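Participant: Structure in structure tokens, see below.
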Amino acid sequence: MNVTTLTTLAQANFPEAMSQITLAHYLVISTAMFTIGLVGFLTRRNLIIMFLCTELMFQAAGIAMIAFGRYHLDLSGQSFVVFVLTVAAAEAAMALALVVLLFRRKESLSAEEWKDLQG
Amino acid sequence: MMQALNIFSSIAAHAVASEPAAGVAQAATRTITQGETWMLAIPFLPLLAFVLIALCAAFKVRSKLPAFITVGLLALSFGAALTTFIQHFMGPAAAPILHVHAFDWLHFKAGPEAAQGFVANFAFYIDSLTILWMLFVTGLATLIALYASEYMSHDVGPGYCRFFAAFSLFVFSMSCLVMADNLVLLFLGWEGVGLCSYLLIGYFYKKAPAVAAAKKAFIMNRIGDLGLLMGIFSIYTAFGTVEYAKIFEFFRSGVDATGNQIGSSTWITIIIPLLFTIGAFGKSAQVFLYTWLPDAMEGPTPVSALIHAATMVTAGVFLIARMMPLYQADPNLLILSIVAWSGAITALWSATIEMAIFDIKRVMGYSTISQLGFMFAGLGVLTPEGSAFHVFTHAFFKATLFLGVGAVMHGFGGQLDLRRLSGVGWMKGFGLVAAAVFIGSINLAGFPFTAGFFSKDMILAEAFARPEGQIAGSQAVAWILLITAGMTAYYTFRSFFRVYVGPKQFVPGDDAELVDLGRHPKGVSLDAWHKEHGHGHGHGHEHEHNDHAHRHGSYGGVGDARAHGRQDFDPSTEEFDPHPPGFAMKFAIAACAILTIAAAGLYFVSPAIGEGGGWAAGMVRQSSAVVSAEVLSGHTSGTDEGHAHGTFLGMDPHHVMYYVSAGVGFIGVLIAAFLHGPKGWQGLFLGVRQSCDVAPRADKLANAFGPLTTAARNKYYVDEIYDALITRPLWVLSHIFHLFDQYVVDGLVNLIGALPRFFGKALRPIQSGEMHGYAVGMAGGVAVLLILVVLLVG
Amino acid sequence: MILFALMLIPLVFAMLVVISPAAQAKTIATVGSFVSLAGAIYAAMQFDPASAATFQLAKTVDWIPQLGISLSVGVDSIALLLVLLTALLGPICVIASYTAITQRLRTYYAWLLVLQAAMTGVFCARDLLVFYTCFEFTLVPMFILISLYGSTNRKRASIKFFLYTFTGSVIALAGLVYIAYQHTQLTPGSPWTFDISTLAETARSLPLATQSWLLLALMAGFAVKIPLFPVHTWLPLAHTEAPTAGSVVLAGVLLKLGTYAVYRFVLPFVPQAVVEYAPLLAILCIIGIIYGGLICWVQTDVKKLVAYSSVAHLGFCMLGMFALNNTGISGSILYMINHGLSTGALFLLIGMVYERYHTRSMKELGGLGAKMPVWSTFMVFFVMASVGLPGLNGFVSEFMCMMGAFQASDAWGSGIWGSLGHRPIGATAGNLGPWFGIIAGTGVIIAAMYLLYMTGNVVWGKLKLPDHGHDHAHGTDDHASKLPTDLSTREISILVPLAALCILLGVYPKPILSLIEQPVQETVLVVNESGRVNMPVKPIESDTKPHAPIADAPAEPAARVVSAENAQ
């Protein structure tokens, strides 16, 4: 099976309108999501929001990866993202648990409450 | 009178020592023979005494045992010295040099080559000079130990052990100093006597002045010791040996180990003798190093008598006499001229102080410095015979005088002020003391036919007799010495007329040394006392005045009667009883006085070698200390004819000096009688003094001199000047060093240590602990990296 | 094997101390230190003094063969003497700590024994890295002894002590490793080795410039340890804060590690540079003597005074070493032992008073002669030993060190000091000379000043005791009351051996002097041969001029003296 047939097969299943969407669109979305996540992370002080922002950046990276995988017709990108999602889910569980614990300590969700590691 | 003059003339004729004797040449060729082992007893018996007393201290002996041990073993030591003298040094013109080896001490290689070995053994070199010294060192030490057994009896117990241990150790060290066969062992003795002096000056260690004086003595001695040590190093470097026998051999042959003429090396002829001279000055309290000796009078009086008058302080004279071949090696005799001048100046300088001060013990201390000046001058004017004889006679008469002063201190509660004592000789039990002191005084003053007279004359006559130009300015030295002799007679009899004769009056002292008890001072006129009270005097007795009113009612009511050995003391007694000396003290004083008289006879013993000067001069001429005929006659400068002899106003000094010095001495005594003598025959009908504290003429005269008197009474402020010039600056420097060490040297270290911390501190704010800070940093970092990549790739 | 045993015995006993109950710690440590002493004496008996310069009792076991590092031990007479000194001070330190240390006994005694093992190792090592390991390892026990058992400022003192000496030694290590590297470079195909004698030969063949850098590196390490001016400032602090036994070991042995290392690694390794810079180093020593001495004079803390006196004393010791002649080096080696005895004893004495009154300030203490006569007697005795009174040990070594400097000059024979025109018989090659001897000699006067100042204040004078009774911050209060007013039998029994040795070494130093004669002679020859390549040693000219015609003048008197003495 050569590359051309594979490409044809892959493209064949997309509806017409969708096929107008190019790699650039995906990357713009991804960049936008990442930037939102980054800015959110840097500007917000609420731990949960910050956590959500990290998740946002995570997913932005995932979208970029899928887009590239599709663009290069390489499935390893998608499989990576499946792993990342799984890990992200586990992480979310852990992180939220931690946030709850931290909240119980200081009755606050502000990240500024926690700077014991200062030099 | 005529008869006396005849006797004088005959003595003078007998004692002419104008030309070196024929026997001198013989002396130089004497060989070294093995001495008997028992001679080791001379130094080691005192050491044994020290060990035994240390054991006494360890076993807490509380009796007079230490004194008995000391007296017994020192007497045995003296016996050994005497036996050595009788067996080997009595009579024969060519006295042997006995060499006794105890054990090997310092042996090491001093350089990589085979010839460079350093040997200094614990071995003894006994020649007639040594035995001359050892006879009076051990003899006087025995007598003074006997005296001290009673004098120190207030302190039986640990203090008594301490005293006699140091005393015995002193005699051992002195023996090592005198008998050593090498310079390093001499140095051992040299520092050893310094240590004992330190321990004994500081005997009353609770008194601050005693502690300070002890420290001062040790440190000032160390300055001299440094000179001596460097001299020893130099001798070794030059000759590859420090043993006398070998050194003298080099000097006799005139060439050093590698065949060079010794006389042509300024290093050997000038620098080494100069270094030794500094050492001698330190130990013998000369010129700029004398200030420790007056302060050393803080020690118990027996110590002053033995160490600071008779023996230790003569070590400098011994050193120069011992190393006489070294001093003669210089054709110009430069260093000997320096020695002569220093001696004369010191003699005059301290004599002026003595005439002004009131502390009879300090008077004796300064007198010792002055007499040592005479001895040094004698060495300088090439008469080691005269110097050694003066050392010998001075040892006895000065010991007598000190023991007399000690008896007075012992009896009057440590009173030393001659204005507080009068007529002591007439008081019960003090007659013998006064008689002994009189004998000592006439010797010190140079009365005709006394030992001190003869020995001083030898020095004076030789000083005048030096040919022009041989010893630079020897005539001036001689005149200074002659004037000093007159002053000596004056100050000696000043003390005598004030303290021992006249109306019986006294004020007891309350020295911590001898806690004596009493109530109201007996026999002193209180008016005089009050008058005295108004005057100031720089004597350290101020405290007496300050609480005078207090004392009035209950003077000296504190203390322990038993401490003074007075079992019969009754505290309710209203009057102070002078405490006359007991048997031991009387015996020692009497023995010293008798020996002082007997020493005069030695002048008439015909010397073993040469003519004139008596026994002691003969002993010196038999030893290496003799001045060689060539040097004495001034032949070394190459001319065939020696210089013409110096004269005393055109007369032969060897003939006229007896009359001159006797005359000068008489004048001194008469002045003393006139100024200080009591009214009546006791003051030779010249004096007018009627109470102990006022001598009208003397006080008037002292006032007339005004500031000069004050300066002399304050010892010309030399201590203060030293303090200002040396001690203070050094002290300040030390503090500067200390601060420098703390803040600069250590500060630099701390600075280097602080650098990492400083950098850490500078970078610390970056670690704010805030999550957002890190996030911004990370994002920024990534951004920078991206830009860089874009720039580089693009 | 016995040398390994000497290192292992204290370690084994240290283990025993750790695993036994605390109450037994004292006993086990005492036994251990005495067993070590016995072992050292046994080793000394095995030693053949006839060939004192060769390394005897040697044993080599591979350690890291790939790098040529082996556990190699052996002693010549000098190392043996220092091993004996270490072993002697062991029991004294242990016994001195009986009442002073009341808490954490096991830690204390275990580390004390470990320290002894490490110090022994330094002196026994024949391999550079064994030496270095032991040299550095001494820091650890000492650090712990100071920081756990010291007085108020102990934390700072221990950290400063550790970092300061450690920094120096690291530089020295760099120098030593550089020599080993050069060895592989200069002899192609040769494997790495750290054998001391092999490397010494390599180092000697290096050019002067390299040797000078190596001298700087080595002295950076060793001068701090000695300590020489200006790298001495850790010493007063460490001494003052250390517990008594720590001070004794510090003064007695740890400082000697530096001097010994100079003798073992500087002199034979970089002789050319040493000869070149000897005057500079000697000037540092003299500054130490005078500067250290004067600082002593203004101290009020007795312990600090004695600590600073170590700076002055070791100045003398190193002055003799840098004289680079037999007299000086022998004197220096003797000085190491003598300083260990007398200064060690002074620290013990100060510790004894501290235990009783919890102060070392001369403002608070005075006139103890009246209250503690036995203590005072010992104090005066050891002060005199320290001052260098002839007849006691200090004199012999001080005399030799000064005389060594005095003799060592090529200028002898010309100028003011020797207008003889040739080298006099007692002079040796060198570039110090009389001025060094004389200026150092003023240190003798200063020593008398400060030590008598101390004696005058502490021993003599009016009795003065601290009024605040006990310092409750200190943990030894209850024990202080158990001590008698004057010294106890235990305290006297540790001072007596030291005093006896002081007298013995002062009165009869001959055995030790002859024991160290051979190795010193070898060192001097090495220095002269490979150190003075540019200025060959002038031989003593004999018979350059005809003798004066005196029949019985000896031909070569000095030579005759020596041979006669040797024949005895």
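Just remember, in the structure tokens the first chain shown is A, the second B, etc., residues are 1-based per chain, and ligands are 1-based in the order shown.
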Write out as a PDB file with N, CA, C and O atoms, in the first residue's frame the residues lying within 8 Å of range 470-487 of chain B, counting only C-alpha atoms and excluding same-chain residues fewer than 5 positions away.
Facilitator:
```
ATOM      1  N   ASN B 332      92.704  46.821  69.260  1.00  0.00           N
ATOM      2  CA  ASN B 332      92.377  48.152  69.762  1.00  0.00           C
ATOM      3  C   ASN B 332      91.650  48.116  71.096  1.00  0.00           C
ATOM      4  O   ASN B 332      91.340  49.154  71.663  1.00  0.00           O
ATOM      5  N   LEU B 333      91.325  46.906  71.556  1.00  0.00           N
ATOM      6  CA  LEU B 333      90.617  46.737  72.829  1.00  0.00           C
ATOM      7  C   LEU B 333      89.369  47.610  72.915  1.00  0.00           C
ATOM      8  O   LEU B 333      89.066  48.195  73.953  1.00  0.00           O
ATOM      9  N   LEU B 334      88.659  47.702  71.804  1.00  0.00           N
ATOM     10  CA  LEU B 334      87.502  48.598  71.740  1.00  0.00           C
ATOM     11  C   LEU B 334      86.428  48.213  72.742  1.00  0.00           C
ATOM     12  O   LEU B 334      85.911  49.036  73.493  1.00  0.00           O
ATOM     13  N   LEU B 336      86.637  46.393  75.387  1.00  0.00           N
ATOM     14  CA  LEU B 336      87.038  46.577  76.780  1.00  0.00           C
ATOM     15  C   LEU B 336      86.924  48.046  77.181  1.00  0.00           C
ATOM     16  O   LEU B 336      86.564  48.360  78.314  1.00  0.00           O
ATOM     17  N   SER B 337      87.186  48.935  76.238  1.00  0.00           N
ATOM     18  CA  SER B 337      86.985  50.352  76.549  1.00  0.00           C
ATOM     19  C   SER B 337      85.524  50.623  76.845  1.00  0.00           C
ATOM     20  O   SER B 337      85.187  51.340  77.795  1.00  0.00           O
ATOM     21  N   ALA B 340      84.764  49.397  80.231  1.00  0.00           N
ATOM     22  CA  ALA B 340      85.293  50.290  81.272  1.00  0.00           C
ATOM     23  C   ALA B 340      84.391  51.504  81.443  1.00  0.00           C
ATOM     24  O   ALA B 340      84.021  51.873  82.563  1.00  0.00           O
ATOM     25  N   TRP B 341      84.023  52.104  80.337  1.00  0.00           N
ATOM     26  CA  TRP B 341      83.175  53.292  80.408  1.00  0.00           C
ATOM     27  C   TRP B 341      81.806  52.980  80.977  1.00  0.00           C
ATOM     28  O   TRP B 341      81.288  53.720  81.806  1.00  0.00           O
ATOM     29  N   ALA B 344      82.098  52.571  84.705  1.00  0.00           N
ATOM     30  CA  ALA B 344      82.314  53.819  85.438  1.00  0.00           C
ATOM     31  C   ALA B 344      81.041  54.646  85.483  1.00  0.00           C
ATOM     32  O   ALA B 344      80.651  55.172  86.530  1.00  0.00           O
ATOM     33  N   ILE B 345      80.367  54.728  84.347  1.00  0.00           N
ATOM     34  CA  ILE B 345      79.149  55.554  84.309  1.00  0.00           C
ATOM     35  C   ILE B 345      78.076  54.959  85.207  1.00  0.00           C
ATOM     36  O   ILE B 345      77.398  55.669  85.952  1.00  0.00           O
ATOM     37  N   ALA B 347      78.551  53.145  87.804  1.00  0.00           N
ATOM     38  CA  ALA B 347      78.949  53.331  89.198  1.00  0.00           C
ATOM     39  C   ALA B 347      78.558  54.723  89.673  1.00  0.00           C
ATOM     40  O   ALA B 347      77.952  54.887  90.733  1.00  0.00           O
ATOM     41  N   LEU B 348      78.867  55.720  88.863  1.00  0.00           N
ATOM     42  CA  LEU B 348      78.582  57.106  89.256  1.00  0.00           C
ATOM     43  C   LEU B 348      77.076  57.360  89.305  1.00  0.00           C
ATOM     44  O   LEU B 348      76.544  57.902  90.274  1.00  0.00           O
ATOM     45  N   ALA B 351      75.455  55.757  92.213  1.00  0.00           N
ATOM     46  CA  ALA B 351      75.892  56.359  93.478  1.00  0.00           C
ATOM     47  C   ALA B 351      75.113  57.630  93.758  1.00  0.00           C
ATOM     48  O   ALA B 351      74.751  57.916  94.904  1.00  0.00           O
ATOM     49  N   THR B 352      74.802  58.408  92.710  1.00  0.00           N
ATOM     50  CA  THR B 352      74.047  59.638  92.952  1.00  0.00           C
ATOM     51  C   THR B 352      72.643  59.317  93.438  1.00  0.00           C
ATOM     52  O   THR B 352      72.086  60.058  94.248  1.00  0.00           O
ATOM     53  N   MET B 355      72.628  58.409  97.181  1.00  0.00           N
ATOM     54  CA  MET B 355      72.812  59.488  98.144  1.00  0.00           C
ATOM     55  C   MET B 355      71.492  60.161  98.479  1.00  0.00           C
ATOM     56  O   MET B 355      71.387  60.855  99.474  1.00  0.00           O
ATOM     57  N   PHE B 374      82.169  49.206  89.334  1.00  0.00           N
ATOM     58  CA  PHE B 374      83.608  49.163  89.615  1.00  0.00           C
ATOM     59  C   PHE B 374      84.247  47.910  89.004  1.00  0.00           C
ATOM     60  O   PHE B 374      85.308  47.965  88.396  1.00  0.00           O
ATOM     61  N   ALA B 377      84.461  48.178  85.329  1.00  0.00           N
ATOM     62  CA  ALA B 377      85.516  49.110  84.967  1.00  0.00           C
ATOM     63  C   ALA B 377      86.868  48.430  85.134  1.00  0.00           C
ATOM     64  O   ALA B 377      87.776  48.600  84.312  1.00  0.00           O
ATOM     65  N   GLY B 380      87.529  46.354  82.317  1.00  0.00           N
ATOM     66  CA  GLY B 380      87.807  47.193  81.160  1.00  0.00           C
ATOM     67  C   GLY B 380      89.217  47.732  81.172  1.00  0.00           C
ATOM     68  O   GLY B 380      89.834  47.883  80.122  1.00  0.00           O
ATOM     69  N   VAL B 381      89.733  48.034  82.357  1.00  0.00           N
ATOM     70  CA  VAL B 381      91.081  48.582  82.406  1.00  0.00           C
ATOM     71  C   VAL B 381      92.101  47.472  82.627  1.00  0.00           C
ATOM     72  O   VAL B 381      93.171  47.694  83.178  1.00  0.00           O
ATOM     73  N   ALA B 445      83.051  51.500 102.211  1.00  0.00           N
ATOM     74  CA  ALA B 445      83.552  52.869 102.114  1.00  0.00           C
ATOM     75  C   ALA B 445      85.024  52.883 101.745  1.00  0.00           C
ATOM     76  O   ALA B 445      85.551  53.930 101.386  1.00  0.00           O
ATOM     77  N   GLY B 446      85.673  51.764 101.855  1.00  0.00           N
ATOM     78  CA  GLY B 446      87.081  51.709 101.486  1.00  0.00           C
ATOM     79  C   GLY B 446      87.993  52.253 102.564  1.00  0.00           C
ATOM     80  O   GLY B 446      88.925  52.997 102.285  1.00  0.00           O
ATOM     81  N   LEU B 460      91.276  50.995  90.953  1.00  0.00           N
ATOM     82  CA  LEU B 460      91.572  52.417  90.752  1.00  0.00           C
ATOM     83  C   LEU B 460      92.989  52.616  90.237  1.00  0.00           C
ATOM     84  O   LEU B 460      93.225  53.357  89.283  1.00  0.00           O
ATOM     85  N   ALA B 463      93.350  51.602  86.740  1.00  0.00           N
ATOM     86  CA  ALA B 463      92.672  52.539  85.844  1.00  0.00           C
ATOM     87  C   ALA B 463      93.556  53.758  85.585  1.00  0.00           C
ATOM     88  O   ALA B 463      93.666  54.220  84.452  1.00  0.00           O
ATOM     89  N   PHE B 464      94.184  54.239  86.645  1.00  0.00           N
ATOM     90  CA  PHE B 464      95.081  55.374  86.446  1.00  0.00           C
ATOM     91  C   PHE B 464      96.339  54.963  85.683  1.00  0.00           C
ATOM     92  O   PHE B 464      96.923  55.756  84.957  1.00  0.00           O
ATOM     93  N   GLY B 634     100.732  46.744  75.961  1.00  0.00           N
ATOM     94  CA  GLY B 634     100.396  47.489  74.755  1.00  0.00           C
ATOM     95  C   GLY B 634     101.275  47.138  73.575  1.00  0.00           C
ATOM     96  O   GLY B 634     101.439  47.933  72.655  1.00  0.00           O
ATOM     97  N   HIS B 643     103.542  51.402  75.669  1.00  0.00           N
ATOM     98  CA  HIS B 643     103.265  52.797  75.992  1.00  0.00           C
ATOM     99  C   HIS B 643     103.765  53.100  77.383  1.00  0.00           C
ATOM    100  O   HIS B 643     103.913  52.224  78.222  1.00  0.00           O
ATOM    101  N   GLY B 646     100.305  55.299  82.593  1.00  0.00           N
ATOM    102  CA  GLY B 646      99.563  56.472  82.990  1.00  0.00           C
ATOM    103  C   GLY B 646      99.953  56.846  84.409  1.00  0.00           C
ATOM    104  O   GLY B 646     100.525  56.049  85.142  1.00  0.00           O
ATOM    105  N   SER B 661      92.863  57.107  97.792  1.00  0.00           N
ATOM    106  CA  SER B 661      91.517  56.556  97.978  1.00  0.00           C
ATOM    107  C   SER B 661      91.156  56.554  99.451  1.00  0.00           C
ATOM    108  O   SER B 661      90.008  56.776  99.817  1.00  0.00           O
ATOM    109  N   VAL B 664      90.024  60.070 100.088  1.00  0.00           N
ATOM    110  CA  VAL B 664      88.695  60.320  99.522  1.00  0.00           C
ATOM    111  C   VAL B 664      87.627  59.654 100.378  1.00  0.00           C
ATOM    112  O   VAL B 664      86.581  60.246 100.678  1.00  0.00           O
ATOM    113  N   GLY B 665      87.934  58.425 100.801  1.00  0.00           N
ATOM    114  CA  GLY B 665      86.985  57.698 101.645  1.00  0.00           C
ATOM    115  C   GLY B 665      86.731  58.445 102.942  1.00  0.00           C
ATOM    116  O   GLY B 665      85.585  58.625 103.365  1.00  0.00           O
ATOM    117  N   PHE B 666      87.807  58.934 103.574  1.00  0.00           N
ATOM    118  CA  PHE B 666      87.651  59.658 104.832  1.00  0.00           C
ATOM    119  C   PHE B 666      86.790  60.877 104.654  1.00  0.00           C
ATOM    120  O   PHE B 666      85.910  61.162 105.459  1.00  0.00           O
ATOM    121  N   ILE B 667      87.051  61.591 103.585  1.00  0.00           N
ATOM    122  CA  ILE B 667      86.259  62.802 103.348  1.00  0.00           C
ATOM    123  C   ILE B 667      84.784  62.433 103.244  1.00  0.00           C
ATOM    124  O   ILE B 667      83.914  63.083 103.835  1.00  0.00           O
ATOM    125  N   GLY B 668      84.509  61.355 102.511  1.00  0.00           N
ATOM    126  CA  GLY B 668      83.119  60.910 102.367  1.00  0.00           C
ATOM    127  C   GLY B 668      82.504  60.617 103.722  1.00  0.00           C
ATOM    128  O   GLY B 668      81.373  61.042 104.027  1.00  0.00           O
TER     129      GLY B 668
END
```
Participant: If we count only C-alpha atoms, which residues of chain A reach to within 10 Å of chain B? Please list them as a count of residues only.
Facilitator: 16
Participant: Residues of range 348-525 of chain B in helix (DSSP H, G or I) according to DSSP, as number ranges by chain?
Facilitator: B: 348-356, 360-380, 384-411, 424-426, 431-445, 451-465, 474-499
